[in-house]
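Contents: one structure, followed by commentary.
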Amino acid sequence: MFPINTWYVACTADEIDEKPLGRTICNQAIAFYRAQGGKVAAVEDFCPHRGAPLSLGYVCEGKLVCGYHGLEMGCDGKTVAMPGQRVGGFPAIRSFPVEERYGFVWVWPGEKDKADPALIPHMEWHNNPEWAYGGGLYHVKADYRLMVDNLMDLTHETYVHSTSIGQKEIDEAPCKTTVNGDEVITSRFMSDIPAPPFWKAALRAKGLADDVPVDRWQICRFTPPSHVIIEVGVAHAGHGGYDAPAEHKVYSQVIDFITPETNTSMHYFWGMARKFNPGDKALTAQIREGQGKIFSEDLEMLERQQKNLSAFPERALLKLNIDTGGVQSRRVIDRVIAAEQGATA
């Protein structure tokens with residue numbers, strides 16, 4: 001169903017404070033917590049004593065303490081102590097490689113010896129004074145690949161997001177998909193069109209006219225296991241579109257980290273990094289609220305889609321040219337999974 005020898009976003013850094021966090025990643029229940037010195041650790045969410053969830057416990061002096069009988073776990077999965085008991089011989093539970101980077105906690109659910117922090121994708125906007133970022137998390141009861149399909153085919157914006165970012169010109173503009181190794185890129189460029197409501201507000205926020213024709217672009221980039229980064233923006237028509245000088249355009253990166261929970265559910269980390277008015281915190285909050293509302297419009301569609309697909313697994317689905325980005329992304333996912341399984345065999 002999903003690659004496992006890879007990095008997934010498990011949570012945002014601020015989701016783990018004094019208390020442990022339980023979260024299922026790729027069908028594996030994991031307890032995340034801050035060990036000695038505040039460093040994030042991750043172990044199976046399973047106490048070796050009676051099977052209680054360790055995430056229901058607490059952290060004491062960097063050790064994870066089970067909330068059932070007080071068994072203490074080390075970040076390597078080995079039992080450290082238990083009141084009045086000898087537990088040094090308990091077999092270790094599984095621990096997972098984790099890294100805290102770009103405001104997220106990343107977990108490697110596969111083979112530990114293959115976990116390389118250098119494989120975590122670089123985020124140019126993090127801690128960059130030229131950029132501002134705001135985002136959130138949705139739990140979605142659907143196969144994570146349906147979200148990949150959704151993000152790699154933005155023609156749905158015309159219908160699902162008709163009052164914010166959708167417009168008929170998206171349907172009318174051709175899109176192009178290319179594959180570079182494991183990266184899939186679907187791009188669409190629209191010229192001399194009216195700006196939709198979301199982008200009108202963005203133009204106004206930068207002090208630009210919102211009642212003139214614009215050139216608009218959408219460049220969707222998929223990389224495995226399930227990351228989609230989308231370059232989006234508008235520029236006043238006649239100034240070069242995507243390549244227009246900064247004073248004539250507003251543009252952002254839509255950040256989408258899709259982490260499988262189970263075969264039919266996911267954790268969807270969404271956000272927008274923008275390169276205009278980075279110091280305006282009120283604008284960041286406004287965009288975050290608006291973007292959250294836009295993404296929430298996808299949730300019912302995807303969850304109802306999943307119910308239909310689960311009810312009728314034998315039915316074949318049609319594939320159109322607009323589906324190319326999603327189809328190619330799924331082929332990359334399948335190729336990565338096949339390579340992992342081949343290596344294991």
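By convention here, the chains of the structure tokens are called A, B, ... in the order presented, each chain's residues are numbered starting at 1, and ligands are numbered starting at 1 in the order presented.
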Which residues come within 6 Å of region 16-26 of chain A, counting only C-alpha atoms, excluding same-chain residues fewer than 2 positions away, as number ranges by chain? A: 14, 28-33, 55, 58, 260-262
Pick out the residues sitting within 8 Å of region 224-227 of chain A, and hand them over as a count of residues only; count only C-alpha atoms, and ignore anything fewer than 2 positions along from it in its own chain. 19
Looking only at the backbone, which of the residues in region 7-256 of chain A does DSSP tag as strand (DSSP E), as a PyMOL selection string? chain A and resi 8-12+21-25+28-34+40-44+58-60+63-65+72-73+79-81+98-101+104-107+132-140+175-180+183-193+214-223+227-236+249-256
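For region 264-268 of chain A, the residues within 7 Å (counting only C-alpha atoms, excluding itself and residues fewer than 6 positions away along the chain) are Leu137, Tyr138, His139, Val140, Lys141, Ala142, Asp143, Tyr144, Phe257 and Ile258 of chain A.
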Could you give me, as number ranges by chain, the residues within 9 Å of Phe104 (chain A), counting only C-alpha atoms and dropping anything in the same chain fewer than 3 positions from it? A: 9-14, 99-101
Find, counting only C-alpha atoms, the residue in A:Lys63, A:Arg188, A:Lys39, A:Lys275 that gets nearest to Asp215 (chain A). A:Arg188
Would you kindly return, as a ChimeraX atom specification, each protein, DNA or RNA residue with an atom no farther than 12 Å from any atom of Asn180 (chain A), considering only C-alpha atoms and excluding same-chain residues fewer than 3 positions away? /A:177,183-186,221-223,328-329,332
Selection above as a file: all heavy atoms, as a tab-separated table (two decimals), in the first residue's frame:
chain	number	residue	atom	x	y	z
A	177	THR	N	2.27	17.23	-18.31
A	177	THR	CA	2.87	16.39	-17.28
A	177	THR	C	4.18	15.81	-17.77
A	177	THR	O	4.25	15.28	-18.88
A	177	THR	CB	1.93	15.24	-16.87
A	177	THR	OG1	0.73	15.79	-16.29
A	177	THR	CG2	2.59	14.34	-15.83
A	183	GLU	N	10.26	12.15	-9.81
A	183	GLU	CA	9.49	13.39	-9.68
A	183	GLU	C	8.50	13.51	-10.83
A	183	GLU	O	8.86	13.31	-12.00
A	183	GLU	CB	10.42	14.60	-9.68
A	183	GLU	CG	9.67	15.92	-9.51
A	183	GLU	CD	10.58	17.13	-9.58
A	183	GLU	OE1	11.41	17.22	-10.51
A	183	GLU	OE2	10.46	18.01	-8.69
A	184	VAL	N	7.26	13.82	-10.49
A	184	VAL	CA	6.22	14.05	-11.49
A	184	VAL	C	5.80	15.51	-11.41
A	184	VAL	O	5.50	16.01	-10.32
A	184	VAL	CB	5.00	13.13	-11.27
A	184	VAL	CG1	3.93	13.38	-12.33
A	184	VAL	CG2	5.43	11.67	-11.26
A	185	ILE	N	5.78	16.19	-12.55
A	185	ILE	CA	5.43	17.62	-12.58
A	185	ILE	C	4.27	17.82	-13.54
A	185	ILE	O	4.35	17.46	-14.72
A	185	ILE	CB	6.62	18.48	-13.04
A	185	ILE	CG1	7.84	18.24	-12.13
A	185	ILE	CG2	6.24	19.96	-13.03
A	185	ILE	CD1	9.10	18.91	-12.64
A	186	THR	N	3.18	18.38	-13.02
A	186	THR	CA	2.04	18.77	-13.85
A	186	THR	C	1.89	20.28	-13.76
A	186	THR	O	1.76	20.83	-12.66
A	186	THR	CB	0.75	18.08	-13.39
A	186	THR	OG1	0.87	16.66	-13.61
A	186	THR	CG2	-0.45	18.59	-14.19
A	221	ARG	N	4.26	19.45	-8.07
A	221	ARG	CA	5.43	18.58	-8.06
A	221	ARG	C	5.24	17.46	-7.04
A	221	ARG	O	5.18	17.72	-5.84
A	221	ARG	CB	6.69	19.37	-7.72
A	221	ARG	CG	6.98	20.52	-8.69
A	221	ARG	CD	8.21	21.32	-8.25
A	221	ARG	NE	8.40	22.50	-9.07
A	221	ARG	CZ	9.08	22.53	-10.21
A	221	ARG	NH1	9.65	21.42	-10.65
A	221	ARG	NH2	9.20	23.65	-10.90
A	222	PHE	N	5.15	16.24	-7.53
A	222	PHE	CA	5.04	15.07	-6.65
A	222	PHE	C	6.40	14.42	-6.50
A	222	PHE	O	7.13	14.24	-7.48
A	222	PHE	CB	4.07	14.03	-7.23
A	222	PHE	CG	4.19	12.68	-6.57
A	222	PHE	CD1	3.48	12.39	-5.42
A	222	PHE	CD2	5.04	11.71	-7.09
A	222	PHE	CE1	3.62	11.15	-4.79
A	222	PHE	CE2	5.18	10.46	-6.47
A	222	PHE	CZ	4.46	10.20	-5.32
A	223	THR	N	6.76	14.07	-5.26
A	223	THR	CA	7.93	13.24	-5.00
A	223	THR	C	7.54	12.19	-3.97
A	223	THR	O	6.71	12.45	-3.09
A	223	THR	CB	9.12	14.07	-4.45
A	223	THR	OG1	8.69	14.83	-3.31
A	223	THR	CG2	9.66	15.02	-5.52
A	328	GLN	N	0.74	9.00	-13.18
A	328	GLN	CA	2.20	8.88	-13.17
A	328	GLN	C	2.75	8.85	-11.73
A	328	GLN	O	3.72	8.15	-11.44
A	328	GLN	CB	2.83	10.04	-13.95
A	328	GLN	CG	2.56	10.02	-15.45
A	328	GLN	CD	3.19	8.82	-16.15
A	328	GLN	OE1	4.06	8.15	-15.60
A	328	GLN	NE2	2.75	8.55	-17.37
A	329	SER	N	2.12	9.61	-10.84
A	329	SER	CA	2.55	9.60	-9.44
A	329	SER	C	2.33	8.23	-8.83
A	329	SER	O	3.18	7.71	-8.08
A	329	SER	CB	1.80	10.66	-8.65
A	329	SER	OG	2.07	11.96	-9.15
A	332	VAL	N	5.02	5.88	-9.86
A	332	VAL	CA	6.24	6.07	-9.07
A	332	VAL	C	6.10	5.36	-7.72
A	332	VAL	O	7.01	4.64	-7.28
A	332	VAL	CB	6.54	7.57	-8.87
A	332	VAL	CG1	7.67	7.75	-7.86
A	332	VAL	CG2	6.91	8.22	-10.20
How would you write, as a count of residues only, the set of residues in region 116-252 of chain A that DSSP gives as helix (DSSP H, G or I)? 39
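Our summary of the geometry notes that CA of Val212 (chain A) is positioned 12.2 Å from CA of Lys249 (chain A).
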Give me the residues within 12 Å of region 281-287 of chain A as a ChimeraX atom specification, counting only C-alpha atoms and dropping any in the same chain fewer than 6 places off. /A:131-136,164,198-199,201-206,252,254,271-275,293-294
Write the residues of the preceding selection, restricted to N, CA and C atoms, as a PDB file, in the first residue's frame.
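again-v7.pdb written:
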ATOM      1  N   TRP A 131      10.101  34.721   3.591  1.00  0.00           N
ATOM      2  CA  TRP A 131       8.915  33.880   3.471  1.00  0.00           C
ATOM      3  C   TRP A 131       8.125  33.874   4.779  1.00  0.00           C
ATOM      4  N   ALA A 132       6.816  33.617   4.657  1.00  0.00           N
ATOM      5  CA  ALA A 132       5.953  33.374   5.815  1.00  0.00           C
ATOM      6  C   ALA A 132       5.206  32.067   5.570  1.00  0.00           C
ATOM      7  N   TYR A 133       4.926  31.325   6.658  1.00  0.00           N
ATOM      8  CA  TYR A 133       4.260  30.026   6.513  1.00  0.00           C
ATOM      9  C   TYR A 133       3.151  29.887   7.543  1.00  0.00           C
ATOM     10  N   GLY A 134       2.054  29.299   7.118  1.00  0.00           N
ATOM     11  CA  GLY A 134       0.962  28.934   8.009  1.00  0.00           C
ATOM     12  C   GLY A 134       0.322  27.665   7.495  1.00  0.00           C
ATOM     13  N   GLY A 135      -0.059  26.769   8.396  1.00  0.00           N
ATOM     14  CA  GLY A 135      -0.636  25.511   7.942  1.00  0.00           C
ATOM     15  C   GLY A 135      -1.424  24.810   9.019  1.00  0.00           C
ATOM     16  N   GLY A 136      -1.829  23.577   8.731  1.00  0.00           N
ATOM     17  CA  GLY A 136      -2.631  22.812   9.676  1.00  0.00           C
ATOM     18  C   GLY A 136      -2.612  21.335   9.348  1.00  0.00           C
ATOM     19  N   SER A 164     -13.729  30.214  -4.265  1.00  0.00           N
ATOM     20  CA  SER A 164     -12.455  30.690  -3.711  1.00  0.00           C
ATOM     21  C   SER A 164     -11.341  30.708  -4.751  1.00  0.00           C
ATOM     22  N   PHE A 198      -9.781  34.262  -4.077  1.00  0.00           N
ATOM     23  CA  PHE A 198      -8.612  34.095  -3.219  1.00  0.00           C
ATOM     24  C   PHE A 198      -7.454  34.950  -3.703  1.00  0.00           C
ATOM     25  N   TRP A 199      -7.215  34.941  -4.997  1.00  0.00           N
ATOM     26  CA  TRP A 199      -6.075  35.679  -5.539  1.00  0.00           C
ATOM     27  C   TRP A 199      -6.352  37.178  -5.619  1.00  0.00           C
ATOM     28  N   ALA A 201      -7.856  38.750  -3.240  1.00  0.00           N
ATOM     29  CA  ALA A 201      -7.509  39.160  -1.879  1.00  0.00           C
ATOM     30  C   ALA A 201      -5.999  39.222  -1.702  1.00  0.00           C
ATOM     31  N   ALA A 202      -5.275  38.282  -2.308  1.00  0.00           N
ATOM     32  CA  ALA A 202      -3.816  38.285  -2.206  1.00  0.00           C
ATOM     33  C   ALA A 202      -3.224  39.505  -2.904  1.00  0.00           C
ATOM     34  N   LEU A 203      -3.771  39.852  -4.066  1.00  0.00           N
ATOM     35  CA  LEU A 203      -3.299  41.049  -4.779  1.00  0.00           C
ATOM     36  C   LEU A 203      -3.512  42.301  -3.926  1.00  0.00           C
ATOM     37  N   ARG A 204      -4.694  42.407  -3.334  1.00  0.00           N
ATOM     38  CA  ARG A 204      -4.983  43.567  -2.481  1.00  0.00           C
ATOM     39  C   ARG A 204      -4.028  43.626  -1.288  1.00  0.00           C
ATOM     40  N   ALA A 205      -3.721  42.466  -0.731  1.00  0.00           N
ATOM     41  CA  ALA A 205      -2.840  42.424   0.435  1.00  0.00           C
ATOM     42  C   ALA A 205      -1.453  42.948   0.110  1.00  0.00           C
ATOM     43  N   LYS A 206      -1.062  42.826  -1.142  1.00  0.00           N
ATOM     44  CA  LYS A 206       0.255  43.326  -1.553  1.00  0.00           C
ATOM     45  C   LYS A 206       0.177  44.744  -2.118  1.00  0.00           C
ATOM     46  N   SER A 252       3.056  31.766  -4.190  1.00  0.00           N
ATOM     47  CA  SER A 252       3.237  30.973  -2.973  1.00  0.00           C
ATOM     48  C   SER A 252       3.586  29.543  -3.338  1.00  0.00           C
ATOM     49  N   VAL A 254       2.259  25.866  -2.097  1.00  0.00           N
ATOM     50  CA  VAL A 254       1.297  25.103  -1.302  1.00  0.00           C
ATOM     51  C   VAL A 254       1.999  23.817  -0.857  1.00  0.00           C
ATOM     52  N   GLY A 271      -0.358  23.446   4.128  1.00  0.00           N
ATOM     53  CA  GLY A 271       0.079  24.788   4.482  1.00  0.00           C
ATOM     54  C   GLY A 271       0.403  25.603   3.246  1.00  0.00           C
ATOM     55  N   MET A 272       0.715  26.862   3.458  1.00  0.00           N
ATOM     56  CA  MET A 272       1.117  27.741   2.368  1.00  0.00           C
ATOM     57  C   MET A 272       2.291  28.598   2.815  1.00  0.00           C
ATOM     58  N   ALA A 273       3.345  28.565   2.031  1.00  0.00           N
ATOM     59  CA  ALA A 273       4.492  29.443   2.239  1.00  0.00           C
ATOM     60  C   ALA A 273       4.431  30.529   1.179  1.00  0.00           C
ATOM     61  N   ARG A 274       4.391  31.774   1.611  1.00  0.00           N
ATOM     62  CA  ARG A 274       4.240  32.864   0.636  1.00  0.00           C
ATOM     63  C   ARG A 274       5.456  33.778   0.678  1.00  0.00           C
ATOM     64  N   LYS A 275       5.739  34.391  -0.451  1.00  0.00           N
ATOM     65  CA  LYS A 275       6.891  35.274  -0.561  1.00  0.00           C
ATOM     66  C   LYS A 275       6.423  36.704  -0.832  1.00  0.00           C
ATOM     67  N   LYS A 293     -10.175  26.395   4.947  1.00  0.00           N
ATOM     68  CA  LYS A 293     -11.554  26.246   4.481  1.00  0.00           C
ATOM     69  C   LYS A 293     -11.581  25.609   3.088  1.00  0.00           C
ATOM     70  N   ILE A 294     -10.641  26.029   2.236  1.00  0.00           N
ATOM     71  CA  ILE A 294     -10.561  25.455   0.889  1.00  0.00           C
ATOM     72  C   ILE A 294     -10.278  23.959   0.963  1.00  0.00           C
TER      73      ILE A 294
END
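Using only C-alpha atoms, the nearest neighbour of Ala237 (chain A) within the list A:Glu111, A:Asp116, A:Asp210, A:Asp280 is A:Asp210.
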Which residues are near Pro196 (chain A)? Cut-off 7 Å, only C-alpha atoms, ignore same chain within fewer than 4 positions. Put them as an MDAnalysis selection string. chainID A and resid 164:167 200
Any chance you could export the current selection's N, CA and C atoms as a short mmCIF file (atom, residue, chain, number, x, y, z; two decimals), in the first residue's frame?
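What follows is the written file part_13.cif:
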data_model
loop_
_atom_site.label_atom_id
_atom_site.label_comp_id
_atom_site.auth_asym_id
_atom_site.auth_seq_id
_atom_site.Cartn_x
_atom_site.Cartn_y
_atom_site.Cartn_z
N SER A 164 -13.73 30.21 -4.27
CA SER A 164 -12.46 30.69 -3.71
C SER A 164 -11.34 30.71 -4.75
N ILE A 165 -10.91 29.54 -5.21
CA ILE A 165 -9.80 29.48 -6.17
C ILE A 165 -10.22 28.90 -7.51
N GLY A 166 -11.45 28.41 -7.60
CA GLY A 166 -11.90 27.79 -8.84
C GLY A 166 -12.35 28.80 -9.88
N GLN A 167 -12.15 28.46 -11.15
CA GLN A 167 -12.68 29.27 -12.26
C GLN A 167 -12.65 28.40 -13.51
N LYS A 200 -7.60 37.57 -5.73
CA LYS A 200 -7.93 39.00 -5.64
C LYS A 200 -7.54 39.53 -4.26
#
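Counting only C-alpha atoms and comparing A:Lys176, A:His161, A:Asp45, A:Ala244, the residue that lies closest to Ser296 (chain A) is A:His161.
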Quick one: pull the distance between CA of Leu208 (chain A) and CA of Gln291 (chain A), Å, one decimal.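 Answer for the CA of Leu208 (chain A) to CA of Gln291 (chain A) separation: 20.5 Å.
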Between CA of Ala42 (chain A) and CA of Cys75 (chain A) - distance in Å to one decimal: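 So the two atoms, CA of Cys75 (chain A) and CA of Ala42 (chain A), lie 6.8 Å apart.
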Between A:Val160, A:Leu299, A:Cys175, A:Ile337, which residue has the minimum interatomic distance to Met147 (chain A), considering only C-alpha atoms? A:Leu299
